[in-house]
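*Asks:* One structure, as structure tokens, below. Some questions next.
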Amino acid sequence: MEDAHAIRLDLGSGLQKCSYFAVFDGHAGDFVSKYISENLMDTILELWTNSDSMSKVNSEKSPLPKAMSDSDICQLADSAELDRFKKNIKEGFLKIDGSMREHPKFSSPEEKSGTTAVTAFITPEKIIFANCGDSRGVLANSKSVRFGTYDHKPCNEEEKKRIENAGGSVMIRRVNGSLAVSRALGDYDYKNVSGLPPTEQLVSAEPDLSVMDRSEEDEFLILACDGVWDVMTNEEVVSYIYSRLLINDDLKKVCEELLETCLAKGSRDNMSVILIAFPAAPKVSQEAIEQEKALDAVIKEKVSGIVKQDENATLNSILEELQTMTIENLPPGGGIHCKLNMIEGMLDELLPNRSKEENNRGMGQSMPVVPLSMIRQFASDGVGVGAEASEESDESHP
């Protein structure tokens, strides 16, 4: 497990009512992802504090309008302050990537790790996304996708142009046929072209920034690494989480179910997800709960029928057969995959002596199967999958 994450609900007096959330998807080791998760925000805050001192000097020469209060500045409500913070974020990514290179860890030629990053800064009025690599942030509004960050893949036209200008190439959708992302922190083997600035290297640590005005209709925000997005689209994840929030207000549980569904759909990458719920997030509905109970009853009846006809039925064969059936009210985006845990539990009861070797074979390339009991154990041990949840309160933070 090479992922890391960071959550800071309070960034101090310099950034009042601003919260920070981030997911880091490490590769070739976990050093960079862990180091960045522990130090990126402090680097940005240091830049913000220093630039704030300069701003105050300038404001003495040209005072702010009386209507502009200190609290407005701290909440990034003023456009000049917002632009300054965006600049500090970008500088923070590049600064920590440069300073980390001097860490003793990288004196060893064996240390080649790197990490993608997707971050969100949330204030009462704004959501600021900063992403570097192919981890992704998605904002849900009115049951649909309002915004999604842009993945940095080597085959993207802009990324490919930079790579080729730095003397590299894109083969099998990878930088020099090796690295699957075109922007990342670390990965210093791809940042050695003399005469070029850090932002023009084969791999760049420069993030893309996007700013969204908050809306009363914003429901939730998802930050997740590519192990999730490899098997589910933005729309599918939003629809799935929306449907789960109607039957369960435990955000951690919803995160776990999302990761289990992705595993059932074939993801074999490390996966971490942060879910932030806003005041407009869907509330638990008794009607939805009853509908879910009815769906579970239908699936149990069908599984029992399959097993009665074939006592040698396997988890894979049952899932294949269920996929050919018309089953109404399956969770959108998840389908029958999100019921794998329940189906496996039924088989353990109906066929207690069944062989579970099938779980290592999978259903072809599109749908490998792993025992959900193993997945849950990994999650509880903090290994293999990760889940975080944060539910916003109007009283404590944005």
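Residue numbers start at 1 in each chain; chains themselves are named A, B, ... in the order of the structure tokens; ligands are numbered from 1 in the order shown.
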What parts of segment 71-307 of chain A does DSSP call strand (DSSP E or B)? I'd like the answer as a PyMOL selection string.
*Replies:* chain A and resi 114-122+126-132+136-141+144-148+170-171+174-175+179+183+185-186+204+208-213+218-224+271-277
*Asks:* Neighbouring residues of segment 189-198 of chain A were defined as those with any atom within 8 Å, considering only C-alpha atoms; residues of the same chain fewer than 6 positions away were excluded. Please report them as a list in words.
*Replies:* Leu94, Lys112, Ala166, Ser204 and Ala205 of chain A
*Asks:* Counting only C-alpha atoms, what is within 10 Å of segment 153-160 of chain A, bar same-chain residues fewer than 2 positions away, as a list in words?
*Replies:* Gly133, Asp134, Tyr150, Asp151, Arg162, Ile163, Glu164, Asn165, Ala166, Gly168, Ser169, Val170, Met171, Ile172, Arg173, Arg174, Val175, Asn176, Gly177, Leu179, Ala180, Val181, Ser182, Arg183, Glu200, Leu202, Val203 and Ser204 of chain A
*Asks:* Restricting it to N, CA and C atoms, dump the selection as an mmCIF file, in the first residue's frame.
*Replies:*
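Below is the file that was written, again.cif:
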```
data_model
loop_
_atom_site.group_PDB
_atom_site.id
_atom_site.type_symbol
_atom_site.label_atom_id
_atom_site.label_comp_id
_atom_site.auth_asym_id
_atom_site.auth_seq_id
_atom_site.Cartn_x
_atom_site.Cartn_y
_atom_site.Cartn_z
ATOM 1 N N GLY A 133 -1.099 14.778 -11.711
ATOM 2 C CA GLY A 133 -1.150 13.354 -12.001
ATOM 3 C C GLY A 133 -2.552 12.897 -12.339
ATOM 4 N N ASP A 134 -2.841 11.625 -12.090
ATOM 5 C CA ASP A 134 -4.134 11.073 -12.494
ATOM 6 C C ASP A 134 -5.048 10.695 -11.334
ATOM 7 N N TYR A 150 -8.744 17.317 -14.218
ATOM 8 C CA TYR A 150 -8.196 16.812 -15.480
ATOM 9 C C TYR A 150 -7.011 15.909 -15.200
ATOM 10 N N ASP A 151 -7.049 14.667 -15.689
ATOM 11 C CA ASP A 151 -5.956 13.714 -15.487
ATOM 12 C C ASP A 151 -4.751 14.081 -16.350
ATOM 13 N N ARG A 162 5.182 18.408 -24.160
ATOM 14 C CA ARG A 162 6.222 18.743 -23.187
ATOM 15 C C ARG A 162 7.253 17.624 -23.082
ATOM 16 N N ILE A 163 6.774 16.384 -23.045
ATOM 17 C CA ILE A 163 7.663 15.228 -22.931
ATOM 18 C C ILE A 163 8.614 15.166 -24.129
ATOM 19 N N GLU A 164 8.079 15.357 -25.320
ATOM 20 C CA GLU A 164 8.911 15.289 -26.523
ATOM 21 C C GLU A 164 9.869 16.471 -26.593
ATOM 22 N N ASN A 165 9.433 17.637 -26.159
ATOM 23 C CA ASN A 165 10.325 18.798 -26.143
ATOM 24 C C ASN A 165 11.498 18.589 -25.184
ATOM 25 N N ALA A 166 11.286 17.742 -24.174
ATOM 26 C CA ALA A 166 12.352 17.450 -23.212
ATOM 27 C C ALA A 166 13.216 16.267 -23.656
ATOM 28 N N GLY A 168 12.079 13.233 -24.587
ATOM 29 C CA GLY A 168 11.505 11.931 -24.282
ATOM 30 C C GLY A 168 10.512 11.479 -25.332
ATOM 31 N N SER A 169 9.831 10.397 -25.041
ATOM 32 C CA SER A 169 8.829 9.866 -25.961
ATOM 33 C C SER A 169 7.691 9.234 -25.161
ATOM 34 N N VAL A 170 6.594 9.024 -25.844
ATOM 35 C CA VAL A 170 5.442 8.359 -25.236
ATOM 36 C C VAL A 170 5.234 7.034 -25.957
ATOM 37 N N MET A 171 5.453 5.944 -25.238
ATOM 38 C CA MET A 171 5.267 4.610 -25.792
ATOM 39 C C MET A 171 4.349 3.826 -24.864
ATOM 40 N N ILE A 172 3.468 3.053 -25.462
ATOM 41 C CA ILE A 172 2.445 2.295 -24.732
ATOM 42 C C ILE A 172 1.800 3.162 -23.642
ATOM 43 N N ARG A 173 1.542 4.432 -24.027
ATOM 44 C CA ARG A 173 0.828 5.393 -23.184
ATOM 45 C C ARG A 173 1.616 5.745 -21.921
ATOM 46 N N ARG A 174 2.945 5.569 -21.954
ATOM 47 C CA ARG A 174 3.788 5.842 -20.795
ATOM 48 C C ARG A 174 4.980 6.715 -21.188
ATOM 49 N N VAL A 175 5.484 7.475 -20.216
ATOM 50 C CA VAL A 175 6.670 8.289 -20.438
ATOM 51 C C VAL A 175 7.859 7.353 -20.653
ATOM 52 N N ASN A 176 8.476 7.461 -21.843
ATOM 53 C CA ASN A 176 9.591 6.581 -22.214
ATOM 54 C C ASN A 176 9.230 5.105 -22.034
ATOM 55 N N GLY A 177 7.964 4.800 -22.205
ATOM 56 C CA GLY A 177 7.491 3.426 -22.099
ATOM 57 C C GLY A 177 7.460 2.876 -20.701
ATOM 58 N N LEU A 179 6.674 5.186 -17.199
ATOM 59 C CA LEU A 179 5.839 5.830 -16.182
ATOM 60 C C LEU A 179 4.477 6.195 -16.760
ATOM 61 N N ALA A 180 3.411 5.809 -16.065
ATOM 62 C CA ALA A 180 2.053 5.958 -16.595
ATOM 63 C C ALA A 180 1.445 7.336 -16.352
ATOM 64 N N VAL A 181 2.136 8.214 -15.628
ATOM 65 C CA VAL A 181 1.634 9.573 -15.409
ATOM 66 C C VAL A 181 2.679 10.574 -15.891
ATOM 67 N N SER A 182 2.215 11.743 -16.317
ATOM 68 C CA SER A 182 3.134 12.740 -16.858
ATOM 69 C C SER A 182 3.410 13.875 -15.881
ATOM 70 N N ARG A 183 2.684 13.893 -14.765
ATOM 71 C CA ARG A 183 2.980 14.866 -13.717
ATOM 72 C C ARG A 183 2.964 14.138 -12.380
ATOM 73 N N GLU A 200 9.142 22.061 -17.256
ATOM 74 C CA GLU A 200 9.289 21.609 -18.639
ATOM 75 C C GLU A 200 10.019 20.278 -18.743
ATOM 76 N N LEU A 202 10.496 16.028 -18.361
ATOM 77 C CA LEU A 202 9.682 14.895 -18.822
ATOM 78 C C LEU A 202 8.469 14.698 -17.930
ATOM 79 N N VAL A 203 8.688 14.792 -16.636
ATOM 80 C CA VAL A 203 7.605 14.723 -15.651
ATOM 81 C C VAL A 203 7.654 16.010 -14.835
ATOM 82 N N SER A 204 6.531 16.653 -14.685
ATOM 83 C CA SER A 204 6.459 17.934 -13.996
ATOM 84 C C SER A 204 5.676 17.805 -12.697
#
```
*Asks:* Compare A:Lys300, A:Lys253, A:Lys87, A:Arg136 by their minimum atom-to-atom distance to Asp25 of chain A, counting only C-alpha atoms, and give me the closest one.
*Replies:* A:Arg136
*Asks:* Might you pull out every residue within 6 Å of Phe21 of chain A, with only C-alpha atoms counted and same-chain residues fewer than 5 positions away left off, and present them as a ChimeraX atom specification?
*Replies:* /A:6-7,119-120
*Asks:* What's around Asp97 of chain A at 9 Å? Count only C-alpha atoms, leave out sequence neighbours fewer than 5 positions away in its own chain, and write the answer as a ChimeraX atom specification.
*Replies:* /A:36,92,185-186,205
*Asks:* Determine, counting only C-alpha atoms, which protein, DNA and RNA residues have an atom within 12 Å of an atom of Glu46 of chain A; residues of the same chain fewer than 2 positions away are not included. Present the result as a VMD selection string.
*Replies:* chain A and resid 11 to 12 14 to 15 39 to 44 48 to 53 85 88 to 89 91 to 92 95 to 96
*Asks:* Could you dump the residues just selected with C-alpha atoms as a PDB file, in the first residue's frame?
*Replies:*
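What landed in part.pdb:
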```
ATOM      1  CA  LEU A  11      -5.371  25.905   8.736  1.00  0.00           C
ATOM      2  CA  GLY A  12      -4.852  28.479  11.471  1.00  0.00           C
ATOM      3  CA  GLY A  14      -3.798  32.959   8.441  1.00  0.00           C
ATOM      4  CA  LEU A  15      -6.473  31.001   6.576  1.00  0.00           C
ATOM      5  CA  ASN A  39       4.807  18.411   4.471  1.00  0.00           C
ATOM      6  CA  LEU A  40       2.977  19.849   1.465  1.00  0.00           C
ATOM      7  CA  MET A  41       0.443  21.916   3.397  1.00  0.00           C
ATOM      8  CA  ASP A  42       3.073  23.351   5.722  1.00  0.00           C
ATOM      9  CA  THR A  43       5.127  24.398   2.691  1.00  0.00           C
ATOM     10  CA  ILE A  44       2.129  26.192   1.197  1.00  0.00           C
ATOM     11  CA  TRP A  48       1.275  32.178   2.275  1.00  0.00           C
ATOM     12  CA  THR A  49       2.589  33.698   5.488  1.00  0.00           C
ATOM     13  CA  ASN A  50       5.596  35.206   3.745  1.00  0.00           C
ATOM     14  CA  SER A  51       3.538  36.614   0.903  1.00  0.00           C
ATOM     15  CA  ASP A  52       0.996  37.911   3.431  1.00  0.00           C
ATOM     16  CA  SER A  53       3.755  39.953   5.075  1.00  0.00           C
ATOM     17  CA  PHE A  85      -3.166  31.808  -2.563  1.00  0.00           C
ATOM     18  CA  ASN A  88       1.307  29.897  -3.314  1.00  0.00           C
ATOM     19  CA  ILE A  89      -0.267  26.497  -3.940  1.00  0.00           C
ATOM     20  CA  GLU A  91       4.783  27.375  -5.778  1.00  0.00           C
ATOM     21  CA  GLY A  92       4.319  24.999  -2.834  1.00  0.00           C
ATOM     22  CA  LYS A  95       9.177  24.039  -3.867  1.00  0.00           C
ATOM     23  CA  ILE A  96       8.618  20.827  -1.931  1.00  0.00           C
TER      24      ILE A  96
END
```
*Asks:* Could you check how far atom CA of Cys18 of chain A sits from atom CA of Lys86 of chain A, in Å to one decimal?
*Replies:*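 These atoms are spaced 13.4 Å apart.
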*Asks:* Which of these residues is nearest to Val254 of chain A, using only C-alpha atoms: A:Ile343, A:Leu319, A:Asp226, A:Cys338?
*Replies:* A:Cys338
